[in-house]
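Asker: Take a look at the following structure, please.
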Amino acid sequence: MCGHCCSTPLLDQVPASLIPCLDSKVTMEAGGLPLELWRMILAYLHLPDLGRCSLVCRAWYDLILSLDSTRWRQLCLGCTECRHPNWPNQPDVEPESWREAFKQHYLASKTWTKNALDLESSVCFSLFRRRRERRTLSVGPGHEFDSLGSALAMASLYDRIVLFPGVYEEQGEIILKVPVEIVGHGKLGEVALLASIDQHCSTTRLCNLVFMPAWFSPFMFKTTSGHVQFDNCNFENGHIQVHGPGTCQVKFCTFKNTHVFLHNVPLCVLENCEFVGSENNSVTVEGHPSADKNWAYKYLLGLIKSSPSVLPTEDSDSLMSLDLESRDQAWSPRTCDIVIEGSQSPTSPASTSPKPGSKAGSQEAEVGSDGERVAQTPDSSDGGLSPSGEDEDEDQLTYRLSYQVQGPRPVLGGSFLGPPLPGASIQLPSCLVLNSLQQELQKDKEAMALASSVQGCLIRKCLFRDGKGGVFVCSYGRAKMEGNIFRNLTYAVRCIHNSKIVMLRNDIHRCRASGIFLRLEGGGLIAGNNIYHNAEAGVDIRKKSNPLILCNQIHHGLRSGIVVLGNGKGVIRNNQIFSNKEAGIYILYHGNPVVSGNHIFKGRAAGIAVNENGKGLITENVIRENQWGGVDIRRGGVPVLRSNLICFGYSDGVVVGDEGKGLIEGNTIYANKGCGVWMMSSSLPHVTSNHVSYNGLYGVAVFSQKEGSGEFPGGHGAQENFSEDGDAILWETELEKDDDPLRRPIAIALVESNSINHNGASGLYVQSSEALHVLTNVIHANGDRGITVAQSSQLTRVASNSISCNRQSGVKVEAQCKVELRGNGIYDNRGHGIITKGDSTVVIENDIIGNRGSGLQLLPRSDTKVIKNRIHSFRAYGIAVRGRAKALVQENIIFQGKTSKTIFQQISNNRECIMQNNKFLVFKKKSDTWRLVNPPARPHLESSLRGPSTAHSGQKVTAMATRITARVEGGYHSNRSVFCTIL
């Protein structure tokens with residue numbers, strides 16, 4: 001014998017015909033038969049002989065294991081008590097090990113007898129004793145018994161009752177008083193049992209039978225205390241009821257229009273089953289799990305813990321294999337690339353529409369009919385230096401503005417925020433790549449505890465199809481669902497009345513309503529599921545339900561991906577929500593979820609919509625390439641929108657519609673084809689510390705409803721009907737008090753501390769009859785003006801902003817507008833510093849330095865107060881008054897520009913223009929140096945008024961400008977240029 005052989009008595013169990021050949025491993029390979037031939041010979045052995053051969057030695061053990069795809073597969077598929085290991089979901093996919101699958105089937109058929117008495121005594125001797133005493137009772141024509149009832153009357157403990165092919169109809173209820181095993185002989189479908197069975201014993205097993213209800217009761221089987229095991233059975237048109245502390249284990253069964261009702265069950269297992277054509281719910285789990293537990297509870301718990309988990313590993317965390325023609329071929333589930341299709345840089349000539357008063361191809365700044373100065377010089381402001389005028393004579397001054405824009409700290413690195421190029425692939429930082437489910441569970445102990453918990457009912461690897469409902473969990477019920485498929489149902493899962501569900505790696509698609517529905521304080525964990533092509537929302541959360549929704553793919557829905565309404569809550573984290581017909585996440589009717597770390601993209605409407613008094617904390621999401629607004633806030637919506645990346649949308653980045661509110665803070669709003677932020681009339685948001693750049697139209701636009709809604713249709717959203725069963729629900733009867741300090745009400749819309757740069761049109765455009773405060777923003781290098789106020793019947797207050805290097809004027813105020821400009825720094829814009837036609841404009845304590853046009857242009861019929869400003873223009877006038885403008889120019893410091901220009905220009909003899917106590921500084925020699933030191937260069941952010949969120953924001957503008965030094969050289973060209981430095 002070889003050195004690995006077991007003791008000699010084991011050879012007594014080996015067939016005598018094989019003993020001469022069992023010399024050694026060497027004999028098998030060299031002196032005897034080849035291994036391939038041995039495998040062919042051993043493939044004819046039955047199960048007991050295979051077991052004995054595996055005990056001979058290590059070589060024979062490995063040889064028996066090598067028969068996995070031959071003999072073990074044949075034994076597994078040939079067993080009448082079980083089906084394909086991956087039935088019904090993937091019957092064409094082979095298991096990892098046929099031997100292990102057959103082992104599980106074989107052991108399951110034996111373990112139903114392990115009752116409480118057996119566990120206290122010796123299991124080994126108890127099983128041997130039963131095998132000797134156990135009888136087999138045959139039922140059928142020509143056999144010992146004619147009916148099941150007569151056989152049960154004669155049965156003893158753990159007897160086996162075999163029903164031969166035929167139809168057995170019992171006229172009365174069958175009561176099982178002793179543990180028995182009832183098995184159908186032959187193929188499944190040849191034995192039909194029409195009966196109503198009530199189990200009153202500790203354990204029962206039923207196998208290979210077709211159950212139908214008796215004429216007098218819809219219940220085919222019920223138990224209130226014992227354990228029942230169903231293997232490879234069909235159930236048709238009836239009910240099964242298990243009441244706690246009773247338990248059940250159901251494997252490889254088909255339920256056709258059959259309802260499984262589990263009430264207060266401590267633990268039940270349904271695996272590898274098919275539920276077809278239910279008229280109501282396929283499985284109902286009701287009531288809190290019973291504290292009383294029968295003998296089978298520990299056995300089932302051990303069986304669950306020892307079985308392979310459906311939880312993914314790092315290597316297996318990928319999308320399920322689906323044949324989805326509509327899926328974007330360029331999308332990958334864990335990608336960190338964004339492909340820009342057909343986008344153009346908003347500052348490129350192709351995407352910049354002609355501006356009024358401009359001339360294509362002109363290199364010199366032109367003055368239009370309204371006094372607007374337009375510079376067509378190529379934008380070189382990114383380098384921090386304003387371009388010198390190439391047409392200037394050598395005896396004129398050259399001018400440079402060296403600056404450093406320190407805006408709010410963006411979500412992403414500066415390298416990401418460059419100009420978007422057509423067809424470019426942009427790499428997202430690693431911090432924005434989605435974690436796998438396993439990583440999230442390891443990070444979140446509460447989620448891991450939920451994923452590992454087993455209580456109530458475990459439904460695993462089942463198929464629910466072509467019926468009304470899948471699983472209904474109610475009245476404090478508990479259910480766990482792993483690796484199931486739900487398709488072509490009205491809904492997949494409903495969880496209500498303080499119930500809890502755990503759903504892991506399920507496939508939910510083509511439901512006629514919502515896929516997963518939670519209401520009345522339902523909760524639990526919904527993780528790693530693939531939810532798609534549903535007629536309503538993928539996940540519907542209502543009435544104080546509070547689930548954790550983690551690492552799911554929710555896509556191609558005919559309406560929204562996730563809806564939260566009616567005081568619904570929940571944590572929605574690290575999901576991929578894409579290609580839904582309506583909003584990816586829809587929050588309304590006082591829904592208040594936490595939405596963080598999701599990728600929401602390629603939706604046919606808004607990425608996230610907050611409507612009808614919805615709330616929500618929306619943080620650190622990537623919201624991209626949606627057809628409508630990235631985030632759409634309307635009708636009393638008051639979310640906190642913080643630290644999100646909202647980019648490459650086909651419309652606006654953030655839309656704040658009628659009566660929209662909320663805090664919009666610290667977001668990166670980048671390269672959307674519409675506006676960065678669009679605010680409609682009667683909305684009162686707080687827009688603070690955002691990075692708004694490279695959007696196709698305005699950076700921030702404020703429009704009145706009547707005049708703005710028709711012009712820019714991109715942000716409009718369809719109102720969904722979320723009332724249950726089509727009836728209107730008055731959610732206001734369940735409203736919670738709003739005590740969230742992050743949503744303190746404000747009376748005036750506020751745009752504060754944002755970095756608004758490189759947008760295609762004006763940085764800020766105002767056309768509204770509502771009051772507005774614009775404070776401490778950086779508005780830089782936009783494709784039109786820095787700020788345009790086209791309509792403002794209420795006061796628009798613009799204070800402590802840095803407005804620089806914009807392609808046209810820094811600020812323009814149209815007629816009949818009320819605007820206050822205070823404490824701003826307006827530097828190096830390509831047109832005038834400020835143009836005003838307004839009938840009530842106050843310009844006070846601003847620094848208007850280095851703009852290509854005049855520092856201040858007052859147009860006819862304007863009414864302006866210009867007080868305590870510092871004004872300087874190298875190429876034009878400090879202040880230019882056109883026509884009969886009414887103005888009070890008082891206590892300003894006005895620096896001289898070019899030698900050929902005067903400091904102040906007045907076109908006509910205008911007595912309504914009053915000049916008082918102004919200081920005019922004219923250079924006299926080369927050594928003259930002017931410094932803006934008392935006070936230092938504006939804006940003075942440390943002294944500016946802040947909004948209510950100042951204490952919460954860690955991304956404020958700091959030290960925007962501390963010193964401006966103006967050094968003027970006179971008369972002729974010199975190597976000493978004029979510098980205006982913001983440090």
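Each chain of the structure tokens is named A, B, ... in the order shown, its residues numbered from 1; ligands are numbered from 1 in display order.
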Please provide the set of residues having any atom within 12 Å of Gly244 (chain A), restricted to only C-alpha atoms, with same-chain residues fewer than 6 positions apart removed, written as a ChimeraX atom specification.
Answerer: /A:222-227,261-268,285-294,296-297,456-457,477
Asker: What residues in region 57-269 of chain A get the DSSP label alpha helix (DSSP H)? Please answer as a PyMOL selection string.
Answerer: chain A and resi 58-65+73-78+98-108+116-120+123-133+148-154
Asker: Keeping only N, CA and C atoms, take the residues you just selected and write them out as a compact mmCIF listing (two decimals), in the first residue's frame.
Answerer:
# COMPACT_ATOMS: atom_id res chain seq x y z
N ARG A 58 -5.20 8.91 -0.23
CA ARG A 58 -5.28 10.26 -0.79
C ARG A 58 -5.36 10.24 -2.31
N ALA A 59 -4.64 9.33 -2.95
CA ALA A 59 -4.67 9.24 -4.41
C ALA A 59 -6.06 8.88 -4.90
N TRP A 60 -6.69 7.92 -4.22
CA TRP A 60 -8.05 7.54 -4.64
C TRP A 60 -9.06 8.64 -4.31
N TYR A 61 -8.82 9.35 -3.22
CA TYR A 61 -9.72 10.46 -2.88
C TYR A 61 -9.67 11.54 -3.97
N ASP A 62 -8.48 11.89 -4.41
CA ASP A 62 -8.34 12.88 -5.48
C ASP A 62 -8.94 12.35 -6.78
N LEU A 63 -8.82 11.05 -7.02
CA LEU A 63 -9.37 10.46 -8.24
C LEU A 63 -10.89 10.55 -8.23
N ILE A 64 -11.50 10.28 -7.10
CA ILE A 64 -12.97 10.36 -7.01
C ILE A 64 -13.43 11.81 -7.20
N LEU A 65 -12.68 12.75 -6.62
CA LEU A 65 -13.04 14.16 -6.80
C LEU A 65 -12.94 14.58 -8.26
N ARG A 73 -21.92 14.61 -11.81
CA ARG A 73 -22.96 15.34 -12.55
C ARG A 73 -24.11 14.43 -12.91
N GLN A 74 -23.80 13.19 -13.35
CA GLN A 74 -24.83 12.23 -13.72
C GLN A 74 -25.69 11.86 -12.52
N LEU A 75 -25.08 11.66 -11.36
CA LEU A 75 -25.83 11.32 -10.16
C LEU A 75 -26.73 12.48 -9.74
N CYS A 76 -26.21 13.70 -9.84
CA CYS A 76 -26.99 14.86 -9.41
C CYS A 76 -28.21 15.07 -10.29
N LEU A 77 -28.03 15.02 -11.59
CA LEU A 77 -29.15 15.25 -12.51
C LEU A 77 -30.11 14.07 -12.55
N GLY A 78 -29.63 12.89 -12.18
CA GLY A 78 -30.50 11.72 -12.19
C GLY A 78 -31.31 11.52 -10.93
N TRP A 98 -20.32 19.79 -9.02
CA TRP A 98 -21.48 18.90 -9.05
C TRP A 98 -21.50 17.99 -7.83
N ARG A 99 -20.34 17.58 -7.38
CA ARG A 99 -20.28 16.72 -6.21
C ARG A 99 -20.82 17.45 -4.98
N GLU A 100 -20.42 18.72 -4.81
CA GLU A 100 -20.89 19.48 -3.65
C GLU A 100 -22.40 19.72 -3.74
N ALA A 101 -22.90 20.01 -4.95
CA ALA A 101 -24.35 20.20 -5.12
C ALA A 101 -25.11 18.93 -4.79
N PHE A 102 -24.62 17.77 -5.26
CA PHE A 102 -25.28 16.51 -4.96
C PHE A 102 -25.20 16.19 -3.46
N LYS A 103 -24.08 16.55 -2.85
CA LYS A 103 -23.94 16.33 -1.41
C LYS A 103 -24.99 17.11 -0.63
N GLN A 104 -25.21 18.36 -1.02
CA GLN A 104 -26.21 19.17 -0.34
C GLN A 104 -27.61 18.59 -0.52
N HIS A 105 -27.94 18.13 -1.74
CA HIS A 105 -29.24 17.49 -1.96
C HIS A 105 -29.38 16.24 -1.09
N TYR A 106 -28.36 15.45 -1.05
CA TYR A 106 -28.42 14.17 -0.34
C TYR A 106 -28.58 14.38 1.16
N LEU A 107 -27.79 15.31 1.72
CA LEU A 107 -27.89 15.57 3.15
C LEU A 107 -29.22 16.19 3.53
N ALA A 108 -29.77 17.04 2.65
CA ALA A 108 -31.04 17.68 2.96
C ALA A 108 -32.16 16.65 3.08
N ALA A 116 -35.36 17.52 18.37
CA ALA A 116 -34.69 17.96 19.60
C ALA A 116 -34.13 16.79 20.39
N LEU A 117 -34.83 15.65 20.46
CA LEU A 117 -34.34 14.50 21.21
C LEU A 117 -33.05 13.98 20.61
N ASP A 118 -32.94 13.99 19.29
CA ASP A 118 -31.73 13.51 18.64
C ASP A 118 -30.53 14.36 19.00
N LEU A 119 -30.76 15.70 19.11
CA LEU A 119 -29.64 16.58 19.39
C LEU A 119 -29.10 16.37 20.79
N GLU A 120 -29.95 15.91 21.70
CA GLU A 120 -29.49 15.68 23.06
C GLU A 120 -28.73 14.37 23.19
N VAL A 123 -26.16 11.46 17.84
CA VAL A 123 -26.77 11.55 16.51
C VAL A 123 -26.46 10.30 15.70
N CYS A 124 -25.25 9.84 15.78
CA CYS A 124 -24.82 8.70 14.96
C CYS A 124 -25.64 7.46 15.28
N PHE A 125 -25.72 7.08 16.55
CA PHE A 125 -26.46 5.87 16.91
C PHE A 125 -27.94 6.04 16.65
N SER A 126 -28.47 7.25 16.84
CA SER A 126 -29.90 7.48 16.62
C SER A 126 -30.25 7.24 15.16
N LEU A 127 -29.43 7.74 14.25
CA LEU A 127 -29.72 7.56 12.83
C LEU A 127 -29.65 6.09 12.43
N PHE A 128 -28.62 5.38 12.92
CA PHE A 128 -28.52 3.95 12.58
C PHE A 128 -29.72 3.18 13.10
N ARG A 129 -30.18 3.59 14.31
CA ARG A 129 -31.32 2.86 14.88
C ARG A 129 -32.56 3.07 14.04
N ARG A 130 -32.79 4.27 13.56
CA ARG A 130 -33.99 4.52 12.78
C ARG A 130 -33.95 3.78 11.44
N ARG A 131 -32.81 3.70 10.87
CA ARG A 131 -32.73 3.01 9.58
C ARG A 131 -33.16 1.55 9.71
N ARG A 132 -32.85 0.93 10.79
CA ARG A 132 -33.25 -0.47 10.96
C ARG A 132 -34.74 -0.61 11.22
N GLU A 133 -35.33 0.35 11.95
CA GLU A 133 -36.73 0.24 12.32
C GLU A 133 -37.68 0.88 11.32
N LEU A 148 -53.70 7.75 0.83
CA LEU A 148 -52.73 8.30 1.76
C LEU A 148 -53.26 8.24 3.18
N GLY A 149 -54.54 8.50 3.36
CA GLY A 149 -55.11 8.47 4.70
C GLY A 149 -54.97 7.13 5.37
N SER A 150 -55.24 6.04 4.63
CA SER A 150 -55.12 4.70 5.21
C SER A 150 -53.68 4.36 5.55
N ALA A 151 -52.72 4.83 4.74
CA ALA A 151 -51.32 4.58 5.05
C ALA A 151 -50.88 5.36 6.28
N LEU A 152 -51.36 6.58 6.44
CA LEU A 152 -50.99 7.36 7.61
C LEU A 152 -51.55 6.76 8.88
N ALA A 153 -52.70 6.11 8.79
CA ALA A 153 -53.29 5.49 9.98
C ALA A 153 -52.42 4.36 10.50
N MET A 154 -51.62 3.76 9.66
CA MET A 154 -50.77 2.64 10.05
C MET A 154 -49.30 3.04 10.21
Asker: Skipping near chain neighbours, those fewer than 3 positions away, what residues fall within 6 Å of Thr796 (chain A) using only C-alpha atoms, listed as a compact mmCIF listing (two decimals) with C-alpha atoms, in the first residue's frame?
Answerer:
# COMPACT_ATOMS: atom_id res chain seq x y z
CA ALA A 771 -35.05 91.03 -4.57
CA LEU A 772 -31.63 89.44 -4.82
CA HIS A 773 -28.35 89.62 -2.89
CA VAL A 819 -29.16 98.03 -8.22
Asker: Write out as a list in words each polymer residue whose atoms come within 8 Å of region 507-512 of chain A, counting only C-alpha atoms; drop sequence neighbours fewer than 2 positions from it.
Answerer: Gly483, Asn484, Ile485, Phe486, Arg487, Asn488, Leu489, Thr490, Tyr491, Ala492, Arg505, Ser514, Gly515, Asn529, Asn530, Ile531, Tyr532, His533, Asn534, Ala535 and Glu536 of chain A
Asker: Please indicate the distance in Å from CA of Lys615 (chain A) to CA of Gly557 (chain A), rounded to one decimal place.
Answerer: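 Going from CA of Lys615 (chain A) over to CA of Gly557 (chain A) covers 23.0 Å.
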Asker: Could you name the residues that touch Glu665 (chain A) at 7 Å or less, counting only C-alpha atoms, but leaving out those on the same chain fewer than 2 positions away, as a list in words?
Answerer: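 Here the qualifying residues turn out to be Leu641, Arg642, Ser643, Leu663, Asn667, Val687, Thr688, Ser689 and Asn690 of chain A.
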Asker: Hey, can you spit out that residue selection with C-alpha atoms as a CSV table (one decimal), in the first residue's frame?
Answerer:
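The file below, selection_23.csv, is the result:
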chain,number,residue,atom,x,y,z
A,641,LEU,CA,-27.3,70.3,-2.1
A,642,ARG,CA,-23.6,70.1,-1.1
A,643,SER,CA,-20.3,69.0,-2.6
A,663,LEU,CA,-29.0,75.5,0.4
A,667,ASN,CA,-20.9,72.1,-5.7
A,687,VAL,CA,-26.4,79.5,-3.5
A,688,THR,CA,-23.0,79.6,-1.8
A,689,SER,CA,-19.4,78.4,-2.3
A,690,ASN,CA,-20.0,76.7,-5.6
Asker: Of the candidates A:Glu173, A:Val454, A:Arg71, A:Cys201, which shows the shortest atom-to-atom distance to Ser217 (chain A), using only C-alpha atoms?
Answerer: A:Glu173
Asker: Have a look at A:Leu206, A:Val594, A:Ile779, A:Val638 and name the one nearest to Val610 (chain A); count only C-alpha atoms.
Answerer: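 Answer, going by the shortest atom-to-atom distance: A:Val638.
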Asker: May I ask which of the residues A:Leu858, A:Ile633, A:Cys431, A:Ile501 is the closest one to His832 (chain A), counting only C-alpha atoms?
Answerer: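 Of A:Leu858, A:Ile633, A:Cys431, A:Ile501, the one nearest His832 (chain A) is A:Leu858, counting only C-alpha atoms.
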Asker: Go through A:Cys82, A:Ile787, A:Val595, A:Ile585 one by one, measure the shortest atom-to-atom distance of each to Gly607 (chain A) using only C-alpha atoms, and give the residue with the smallest value.
Answerer: A:Ile585
Asker: For CA of Ala479 (chain A) and CA of Lys251 (chain A), determine how far apart the two atoms are, in Å to one decimal place.
Answerer: 17.0 Å
Asker: Considering only C-alpha atoms, return as a VMD selection string whatever protein or nucleic-acid residues lie within 9 Å of Tyr299 (chain A), sequence-local ones (same chain, fewer than 4 positions apart) excluded.
Answerer: chain A and resid 111 114 295 303 to 304
Asker: I'd like the interatomic distance between CA of Ile669 (chain A) and CA of Tyr694 (chain A), to a tenth of an Å.
Answerer: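 Rounded to one decimal, the two atoms are 8.5 Å apart.
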Asker: Within 7 Å of Val813 (chain A), counting only C-alpha atoms, which residues show up once you throw out same-chain ones fewer than 2 positions away? Write them as a ChimeraX atom specification, please.
Answerer: /A:788-790,811,815,817,835-838
Asker: Out of region 624-699 of chain A, which residues get strand (DSSP E or B) from DSSP, as a count of residues only?
Answerer: 33
Asker: Using only C-alpha atoms, which residue out of A:Ile459, A:Val183, A:Leu432, A:Cys57 lies closest to Val269 (chain A)?
Answerer: A:Ile459
Asker: Rank A:Arg634, A:Arg573, A:Lys177, A:Arg542 by their smallest atom-to-atom distance to Asn621 (chain A), using only C-alpha atoms, and report the top residue only.
Answerer: A:Arg573
